[in-house]
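Okay, run.pdb now, which holds PDB, C-alpha atoms:
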```pdb
ATOM      1  CA  MET A1267      30.126   8.890 -12.027  1.00  0.00           C
ATOM      2  CA  GLN A1268      33.634  10.112 -11.257  1.00  0.00           C
ATOM      3  CA  PRO A1269      35.792   7.817  -9.090  1.00  0.00           C
ATOM      4  CA  LEU A1270      36.274  10.120  -6.076  1.00  0.00           C
ATOM      5  CA  LEU A1271      32.600  10.935  -5.974  1.00  0.00           C
ATOM      6  CA  LEU A1272      31.764   7.252  -5.978  1.00  0.00           C
ATOM      7  CA  LEU A1273      34.239   6.656  -3.144  1.00  0.00           C
ATOM      8  CA  LEU A1274      32.871   9.491  -1.082  1.00  0.00           C
ATOM      9  CA  LEU A1275      29.335   8.396  -1.763  1.00  0.00           C
ATOM     10  CA  LEU A1276      30.122   4.907  -0.519  1.00  0.00           C
ATOM     11  CA  ALA A1277      31.773   6.270   2.613  1.00  0.00           C
ATOM     12  CA  PHE A1278      28.934   8.647   3.412  1.00  0.00           C
ATOM     13  CA  LEU A1279      26.311   5.961   2.949  1.00  0.00           C
ATOM     14  CA  LEU A1280      27.501   4.091   5.996  1.00  0.00           C
ATOM     15  CA  PRO A1281      25.162   4.050   8.984  1.00  0.00           C
ATOM     16  CA  PRO A1282      25.818   6.713  11.608  1.00  0.00           C
ATOM     17  CA  ARG A1283      27.732   4.463  14.026  1.00  0.00           C
ATOM     18  CA  ALA A1284      29.681   2.513  11.395  1.00  0.00           C
ATOM     19  CA  LYS A1285      33.368   2.143  12.205  1.00  0.00           C
ATOM     20  CA  ALA A1286      34.569   2.262   8.613  1.00  0.00           C
ATOM     21  CA  GLY A1287      38.303   2.630   8.169  1.00  0.00           C
ATOM     22  CA  GLU A1288      38.537   2.617   4.403  1.00  0.00           C
ATOM     23  CA  ILE A1289      36.709   3.331   1.186  1.00  0.00           C
ATOM     24  CA  ILE A1290      35.556   0.275  -0.711  1.00  0.00           C
ATOM     25  CA  GLY A1291      36.291  -0.151  -4.421  1.00  0.00           C
ATOM     26  CA  GLY A1292      37.466   3.360  -5.268  1.00  0.00           C
ATOM     27  CA  HIS A1293      40.299   5.225  -6.928  1.00  0.00           C
ATOM     28  CA  GLU A1294      42.214   8.280  -5.798  1.00  0.00           C
ATOM     29  CA  ALA A1295      40.991  11.520  -7.330  1.00  0.00           C
ATOM     30  CA  LYS A1296      43.178  14.273  -8.734  1.00  0.00           C
ATOM     31  CA  ARG A1297      44.509  16.384  -5.854  1.00  0.00           C
ATOM     32  CA  HIS A1298      42.110  19.146  -4.810  1.00  0.00           C
ATOM     33  CA  SER A1299      39.734  18.502  -7.710  1.00  0.00           C
ATOM     34  CA  ARG A1300      36.736  18.563  -5.325  1.00  0.00           C
ATOM     35  CA  PRO A1301      37.175  21.765  -3.286  1.00  0.00           C
ATOM     36  CA  TYR A1302      33.551  21.704  -2.083  1.00  0.00           C
ATOM     37  CA  MET A1303      34.046  18.472  -0.129  1.00  0.00           C
ATOM     38  CA  ALA A1304      34.063  18.662   3.670  1.00  0.00           C
ATOM     39  CA  PHE A1305      35.255  16.131   6.234  1.00  0.00           C
ATOM     40  CA  LEU A1306      33.459  16.216   9.589  1.00  0.00           C
ATOM     41  CA  GLN A1307      34.919  15.042  12.878  1.00  0.00           C
ATOM     42  CA  ILE A1308      32.211  14.622  15.504  1.00  0.00           C
ATOM     43  CA  TRP A1309      32.643  14.096  19.239  1.00  0.00           C
ATOM     44  CA  ASP A1310      29.794  13.059  21.513  1.00  0.00           C
ATOM     45  CA  GLN A1311      30.791  12.137  25.059  1.00  0.00           C
ATOM     46  CA  ASP A1312      33.481   9.456  24.629  1.00  0.00           C
ATOM     47  CA  ASP A1313      32.455   8.576  21.073  1.00  0.00           C
ATOM     48  CA  ARG A1314      34.128   9.956  17.949  1.00  0.00           C
ATOM     49  CA  LYS A1315      32.706   9.519  14.473  1.00  0.00           C
ATOM     50  CA  ARG A1316      33.274  10.900  10.992  1.00  0.00           C
ATOM     51  CA  CYS A1317      30.947  12.090   8.286  1.00  0.00           C
ATOM     52  CA  GLY A1318      31.128  13.951   5.030  1.00  0.00           C
ATOM     53  CA  GLY A1319      29.435  17.022   3.753  1.00  0.00           C
ATOM     54  CA  PHE A1320      29.845  19.704   1.138  1.00  0.00           C
ATOM     55  CA  LEU A1321      29.959  23.465   0.932  1.00  0.00           C
ATOM     56  CA  ILE A1322      26.811  25.035  -0.417  1.00  0.00           C
ATOM     57  CA  ARG A1323      28.004  28.546   0.379  1.00  0.00           C
ATOM     58  CA  GLU A1324      31.237  29.853   1.889  1.00  0.00           C
ATOM     59  CA  ASP A1325      29.697  29.699   5.376  1.00  0.00           C
ATOM     60  CA  PHE A1326      27.390  26.655   5.162  1.00  0.00           C
ATOM     61  CA  VAL A1327      28.006  22.923   4.904  1.00  0.00           C
ATOM     62  CA  LEU A1328      25.193  20.514   4.039  1.00  0.00           C
ATOM     63  CA  THR A1329      25.347  17.063   5.613  1.00  0.00           C
ATOM     64  CA  ALA A1330      23.164  14.382   7.170  1.00  0.00           C
ATOM     65  CA  ALA A1331      21.348  15.193  10.429  1.00  0.00           C
ATOM     66  CA  HIS A1332      22.694  12.049  12.082  1.00  0.00           C
ATOM     67  CA  CYS A1333      26.178  13.606  11.823  1.00  0.00           C
ATOM     68  CA  TRP A1334      25.881  15.571  15.033  1.00  0.00           C
ATOM     69  CA  GLY A1335      27.471  15.473  18.464  1.00  0.00           C
ATOM     70  CA  SER A1336      28.506  17.796  21.248  1.00  0.00           C
ATOM     71  CA  SER A1337      31.397  19.132  19.149  1.00  0.00           C
ATOM     72  CA  VAL A1338      31.948  19.139  15.367  1.00  0.00           C
ATOM     73  CA  ASN A1339      34.932  20.302  13.310  1.00  0.00           C
ATOM     74  CA  VAL A1340      34.808  20.739   9.536  1.00  0.00           C
ATOM     75  CA  THR A1341      37.975  20.120   7.515  1.00  0.00           C
ATOM     76  CA  LEU A1342      38.175  21.813   4.113  1.00  0.00           C
ATOM     77  CA  GLY A1343      40.937  21.783   1.508  1.00  0.00           C
ATOM     78  CA  ALA A1344      42.142  18.254   2.246  1.00  0.00           C
ATOM     79  CA  HIS A1345      43.264  15.680  -0.264  1.00  0.00           C
ATOM     80  CA  ASN A1346      44.284  13.110   2.338  1.00  0.00           C
ATOM     81  CA  ILE A1347      42.771  13.602   5.808  1.00  0.00           C
ATOM     82  CA  LYS A1348      45.482  11.419   7.348  1.00  0.00           C
ATOM     83  CA  VAL A1349      48.181  13.915   6.336  1.00  0.00           C
ATOM     84  CA  ARG A1350      48.205  17.546   7.469  1.00  0.00           C
ATOM     85  CA  GLU A1351      48.449  19.699   4.325  1.00  0.00           C
ATOM     86  CA  ARG A1352      48.948  23.453   4.267  1.00  0.00           C
ATOM     87  CA  THR A1353      45.765  23.728   2.164  1.00  0.00           C
ATOM     88  CA  GLN A1354      43.637  22.275   4.972  1.00  0.00           C
ATOM     89  CA  GLN A1355      41.403  24.402   7.152  1.00  0.00           C
ATOM     90  CA  VAL A1356      39.895  22.966  10.342  1.00  0.00           C
ATOM     91  CA  ILE A1357      36.893  25.015  11.392  1.00  0.00           C
ATOM     92  CA  PRO A1358      34.694  24.442  14.447  1.00  0.00           C
ATOM     93  CA  VAL A1359      30.969  24.410  13.739  1.00  0.00           C
ATOM     94  CA  ARG A1360      29.252  27.388  15.307  1.00  0.00           C
ATOM     95  CA  LYS A1361      25.685  26.187  14.816  1.00  0.00           C
ATOM     96  CA  ALA A1362      23.972  23.034  13.574  1.00  0.00           C
ATOM     97  CA  ILE A1363      20.463  23.207  12.176  1.00  0.00           C
ATOM     98  CA  PRO A1364      18.940  19.755  11.642  1.00  0.00           C
ATOM     99  CA  HIS A1365      15.717  19.592   9.671  1.00  0.00           C
ATOM    100  CA  PRO A1366      12.858  20.085  12.165  1.00  0.00           C
ATOM    101  CA  ASP A1367      11.249  16.810  11.097  1.00  0.00           C
ATOM    102  CA  TYR A1368      14.415  14.669  11.316  1.00  0.00           C
ATOM    103  CA  ASN A1369      13.629  11.266  12.824  1.00  0.00           C
ATOM    104  CA  LYS A1370      16.701   9.527  14.227  1.00  0.00           C
ATOM    105  CA  LYS A1371      14.908   6.179  14.440  1.00  0.00           C
ATOM    106  CA  ASN A1372      14.144   5.817  10.724  1.00  0.00           C
ATOM    107  CA  TYR A1373      16.450   8.549   9.312  1.00  0.00           C
ATOM    108  CA  SER A1374      13.645  10.398   7.583  1.00  0.00           C
ATOM    109  CA  ASN A1375      14.505  14.030   6.770  1.00  0.00           C
ATOM    110  CA  ASP A1376      18.167  13.198   7.455  1.00  0.00           C
ATOM    111  CA  ILE A1377      19.559  16.580   6.436  1.00  0.00           C
ATOM    112  CA  MET A1378      21.326  19.328   8.374  1.00  0.00           C
ATOM    113  CA  LEU A1379      22.978  22.683   7.766  1.00  0.00           C
ATOM    114  CA  LEU A1380      26.199  23.533   9.584  1.00  0.00           C
ATOM    115  CA  LYS A1381      27.322  27.139   9.991  1.00  0.00           C
ATOM    116  CA  GLY A1382      31.148  27.777  12.436  1.00  0.00           C
ATOM    117  CA  ASP A1383      33.269  30.482  10.990  1.00  0.00           C
ATOM    118  CA  SER A1384      33.277  29.565   7.367  1.00  0.00           C
ATOM    119  CA  GLY A1385      26.284  14.196   4.782  1.00  0.00           C
ATOM    120  CA  GLY A1386      28.729  13.154   1.418  1.00  0.00           C
ATOM    121  CA  PRO A1387      27.110  14.587  -1.589  1.00  0.00           C
ATOM    122  CA  LEU A1388      25.519  12.696  -4.397  1.00  0.00           C
ATOM    123  CA  VAL A1389      26.454  14.907  -7.361  1.00  0.00           C
ATOM    124  CA  CYS A1390      25.098  14.404 -10.869  1.00  0.00           C
ATOM    125  CA  ASN A1391      25.971  16.742 -13.735  1.00  0.00           C
ATOM    126  CA  ASN A1392      27.811  19.002 -11.262  1.00  0.00           C
ATOM    127  CA  VAL A1393      24.643  19.521  -9.197  1.00  0.00           C
ATOM    128  CA  ALA A1394      24.224  18.293  -5.608  1.00  0.00           C
ATOM    129  CA  GLN A1395      21.289  15.909  -5.829  1.00  0.00           C
ATOM    130  CA  GLY A1396      21.464  14.091  -2.502  1.00  0.00           C
ATOM    131  CA  ILE A1397      23.095  13.530   0.857  1.00  0.00           C
ATOM    132  CA  VAL A1398      24.030  10.015   1.785  1.00  0.00           C
ATOM    133  CA  SER A1399      21.796   8.959   4.643  1.00  0.00           C
ATOM    134  CA  TYR A1400      22.258   5.252   5.438  1.00  0.00           C
ATOM    135  CA  GLY A1401      23.084   1.826   4.045  1.00  0.00           C
ATOM    136  CA  GLN A1402      25.006  -1.413   4.521  1.00  0.00           C
ATOM    137  CA  LYS A1403      28.179  -1.304   6.663  1.00  0.00           C
ATOM    138  CA  ASN A1404      30.241  -3.041   3.962  1.00  0.00           C
ATOM    139  CA  GLY A1405      29.446  -0.474   1.277  1.00  0.00           C
ATOM    140  CA  SER A1406      27.155  -2.708  -0.763  1.00  0.00           C
ATOM    141  CA  PRO A1407      23.732  -1.601  -1.994  1.00  0.00           C
ATOM    142  CA  PRO A1408      21.056  -0.701  -1.198  1.00  0.00           C
ATOM    143  CA  ARG A1409      21.909   2.835  -0.178  1.00  0.00           C
ATOM    144  CA  ALA A1410      19.598   5.684   0.670  1.00  0.00           C
ATOM    145  CA  CYS A1411      20.092   9.375   0.004  1.00  0.00           C
ATOM    146  CA  THR A1412      18.130  12.398   1.114  1.00  0.00           C
ATOM    147  CA  LYS A1413      16.930  14.282  -1.972  1.00  0.00           C
ATOM    148  CA  VAL A1414      18.351  17.802  -1.661  1.00  0.00           C
ATOM    149  CA  SER A1415      15.865  19.478  -4.026  1.00  0.00           C
ATOM    150  CA  SER A1416      12.977  18.493  -1.744  1.00  0.00           C
ATOM    151  CA  PHE A1417      14.519  20.609   0.989  1.00  0.00           C
ATOM    152  CA  LEU A1418      15.487  23.737  -0.991  1.00  0.00           C
ATOM    153  CA  PRO A1419      12.768  25.941   0.553  1.00  0.00           C
ATOM    154  CA  TRP A1420      13.895  24.945   4.066  1.00  0.00           C
ATOM    155  CA  ILE A1421      17.602  25.396   3.217  1.00  0.00           C
ATOM    156  CA  LYS A1422      17.071  28.867   1.710  1.00  0.00           C
ATOM    157  CA  LYS A1423      14.760  30.028   4.494  1.00  0.00           C
ATOM    158  CA  THR A1424      17.128  28.826   7.210  1.00  0.00           C
ATOM    159  CA  MET A1425      20.213  30.351   5.603  1.00  0.00           C
ATOM    160  CA  LYS A1426      18.474  33.740   5.267  1.00  0.00           C
ATOM    161  CA  THR A1427      17.650  33.843   8.979  1.00  0.00           C
ATOM    162  CA  LEU A1428      21.237  33.252  10.119  1.00  0.00           C
TER     163      LEU A1428
END
```
Starting from the file, lay out its structure as structure tokens.
Amino acid sequence: MQPLLLLLLLAFLLPPRAKAGEIIGGHEAKRHSRPYMAFLQIWDQDDRKRCGGFLIREDFVLTAAHCWGSSVNVTLGAHNIKVRERTQQVIPVRKAIPHPDYNKKNYSNDIMLLKGDSGGPLVCNNVAQGIVSYGQKNGSPPRACTKVSSFLPWIKKTMKTL
């Protein structure tokens, strides 16, 4: 597994309310080598959290359903989210579509499509295989991912209707 992917995977496996400030045990990836990666900033009342996701089409991001709040912005084109780069785009989410059977108590069906004017993936052989759902706060195993292929009919059907 490539180093950046491993880092992102570890970060996205944190529970929804985790206050993680760093990636554990990773290495910096080559600048802009993962253009499909998305950084989500979520606001819900006075709470702010972060999640990851990835582009599955130019106008859809796939992420975890627990990554929702009253307002969500998607950042694309970033190498370092702490530094404003001219390649970055910050796009407000126009619509969030969580899986209809998402259960926030046990995180089953923890998958969501985001659509605004333009999660963390588990990628194997250049194919998105999963979305990080939950795990230990310190980044150690076990980790759980939502299997993307199980939801392809729902993803395709939902994207066609929007």
Review point. Do you know which residues are at most 8 Å from stretch 1361-1365 of chain A counting all atoms listed in the file, after dropping those on the same chain fewer than 2 positions away, and could you put them as a list of chain:residue names?
Key: A:Ala1331, A:Trp1334, A:Val1359, A:Asp1367, A:Tyr1368, A:Asn1375, A:Asp1376, A:Ile1377, A:Met1378, A:Leu1379, A:Leu1380, A:Lys1381, A:Gly1382, A:Trp1420
Practice item. Record the distance separating atom CA of A:Pro1301 and atom CA of A:Leu1342, expressed in Å with one decimal. Key: 7.5 Å
Review point. Between atom CA of A:Pro1419 and atom CA of A:Cys1333, what is the distance, to one decimal in Å?
Key: 21.4 Å
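A cut-off of 9 Å from the point (22.3, 32.9, 8.6), with all atoms listed in the file, picks out the residues Asp1325, Phe1326, Lys1381, Thr1424, Met1425, Lys1426, Thr1427 and Leu1428 of chain A.
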Go ahead and write the selection's residues with C-alpha atoms as a compact mmCIF listing (two decimals), in the coordinates of the input.
```txt
# COMPACT_ATOMS: atom_id res chain seq x y z
CA ASP A 1325 29.70 29.70 5.38
CA PHE A 1326 27.39 26.66 5.16
CA LYS A 1381 27.32 27.14 9.99
CA THR A 1424 17.13 28.83 7.21
CA MET A 1425 20.21 30.35 5.60
CA LYS A 1426 18.47 33.74 5.27
CA THR A 1427 17.65 33.84 8.98
CA LEU A 1428 21.24 33.25 10.12
```
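Atom pair atom CA of A:Gly1318 / atom CA of A:Met1303 has a distance of 7.5 Å (rounded to one decimal).
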Report, as lines of an AutoDock Vina configuration file, the axis-aligned box around all atoms of stretch 1313-1320 of chain A present in the file, extended by 4 Å on each side; give centre and edge lengths in Å to one decimal place.
```
center_x = 31.8
center_y = 14.1
center_z = 11.1
size_x = 12.7
size_y = 19.1
size_z = 27.9
```
List the spatial neighbours of A:Gln1311 as a compact mmCIF listing (two decimals) with C-alpha atoms, in the coordinates of the input - criterion: any atom at most 10 Å away, all atoms listed in the file, same-chain residues fewer than 5 positions off excluded.
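Output file result_13.txt follows:
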```txt
# COMPACT_ATOMS: atom_id res chain seq x y z
CA GLY A 1335 27.47 15.47 18.46
CA SER A 1336 28.51 17.80 21.25
CA SER A 1337 31.40 19.13 19.15
```
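Restricting the calculation to only C-alpha atoms, the smallest distance between A:Ser1299 and any of A:Pro1358, A:Ile1397, A:Gly1343, A:Arg1352 is found for A:Gly1343.
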Review point. Selected by the PyMOL selection byres ((chain A and resi 1304) around 9) in the shown coordinates: which residues, as JSON, numbers by chain?
Key: {"A": [1301, 1302, 1303, 1305, 1306, 1317, 1318, 1319, 1320, 1321, 1327, 1340, 1341, 1342, 1343, 1344, 1386]}
Study note, to complete from the structure: From the list A:Lys1315, A:Lys1413, A:Lys1422, A:His1332, the nearest residue to A:Lys1370 using all atoms listed in the file is A:His1332
Exercise for review: Find the residues near A:Thr1412: any atom within 9 Å, counting all atoms listed in the file, skip ones fewer than 2 places away on the same chain, and give them as a PyMOL selection string.
Suggested key: chain A and resi 1330+1374-1377+1395-1399+1410+1414+1416-1417
Just add N, CA and C atoms to stretch 1361-1373 of chain A and send it as a PDB file, in the frame of the given file.
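The result, written out as out29.pdb:
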```
ATOM      1  N   LYS A1361      27.099  26.512  14.612  1.00  0.00           N
ATOM      2  CA  LYS A1361      25.685  26.187  14.816  1.00  0.00           C
ATOM      3  C   LYS A1361      25.284  25.067  13.872  1.00  0.00           C
ATOM      4  N   ALA A1362      24.523  24.118  14.390  1.00  0.00           N
ATOM      5  CA  ALA A1362      23.972  23.034  13.574  1.00  0.00           C
ATOM      6  C   ALA A1362      22.454  23.185  13.541  1.00  0.00           C
ATOM      7  N   ILE A1363      21.901  23.057  12.346  1.00  0.00           N
ATOM      8  CA  ILE A1363      20.463  23.207  12.176  1.00  0.00           C
ATOM      9  C   ILE A1363      19.926  21.959  11.489  1.00  0.00           C
ATOM     10  N   PRO A1364      19.536  20.935  12.265  1.00  0.00           N
ATOM     11  CA  PRO A1364      18.940  19.755  11.642  1.00  0.00           C
ATOM     12  C   PRO A1364      17.540  20.107  11.135  1.00  0.00           C
ATOM     13  N   HIS A1365      17.083  19.379  10.153  1.00  0.00           N
ATOM     14  CA  HIS A1365      15.717  19.592   9.671  1.00  0.00           C
ATOM     15  C   HIS A1365      14.765  19.368  10.843  1.00  0.00           C
ATOM     16  N   PRO A1366      13.751  20.211  11.006  1.00  0.00           N
ATOM     17  CA  PRO A1366      12.858  20.085  12.165  1.00  0.00           C
ATOM     18  C   PRO A1366      12.109  18.761  12.223  1.00  0.00           C
ATOM     19  N   ASP A1367      11.961  18.087  11.101  1.00  0.00           N
ATOM     20  CA  ASP A1367      11.249  16.810  11.097  1.00  0.00           C
ATOM     21  C   ASP A1367      12.183  15.605  11.016  1.00  0.00           C
ATOM     22  N   TYR A1368      13.466  15.790  11.319  1.00  0.00           N
ATOM     23  CA  TYR A1368      14.415  14.669  11.316  1.00  0.00           C
ATOM     24  C   TYR A1368      13.990  13.636  12.350  1.00  0.00           C
ATOM     25  N   ASN A1369      13.982  12.376  11.939  1.00  0.00           N
ATOM     26  CA  ASN A1369      13.629  11.266  12.824  1.00  0.00           C
ATOM     27  C   ASN A1369      14.833  10.348  12.925  1.00  0.00           C
ATOM     28  N   LYS A1370      15.480  10.316  14.087  1.00  0.00           N
ATOM     29  CA  LYS A1370      16.701   9.527  14.227  1.00  0.00           C
ATOM     30  C   LYS A1370      16.440   8.025  14.285  1.00  0.00           C
ATOM     31  N   LYS A1371      15.209   7.618  14.436  1.00  0.00           N
ATOM     32  CA  LYS A1371      14.908   6.179  14.440  1.00  0.00           C
ATOM     33  C   LYS A1371      14.835   5.599  13.035  1.00  0.00           C
ATOM     34  N   ASN A1372      14.258   6.345  12.093  1.00  0.00           N
ATOM     35  CA  ASN A1372      14.144   5.817  10.724  1.00  0.00           C
ATOM     36  C   ASN A1372      14.885   6.664   9.692  1.00  0.00           C
ATOM     37  N   TYR A1373      15.622   7.686  10.155  1.00  0.00           N
ATOM     38  CA  TYR A1373      16.450   8.549   9.312  1.00  0.00           C
ATOM     39  C   TYR A1373      15.652   9.357   8.290  1.00  0.00           C
TER      40      TYR A1373
END
```
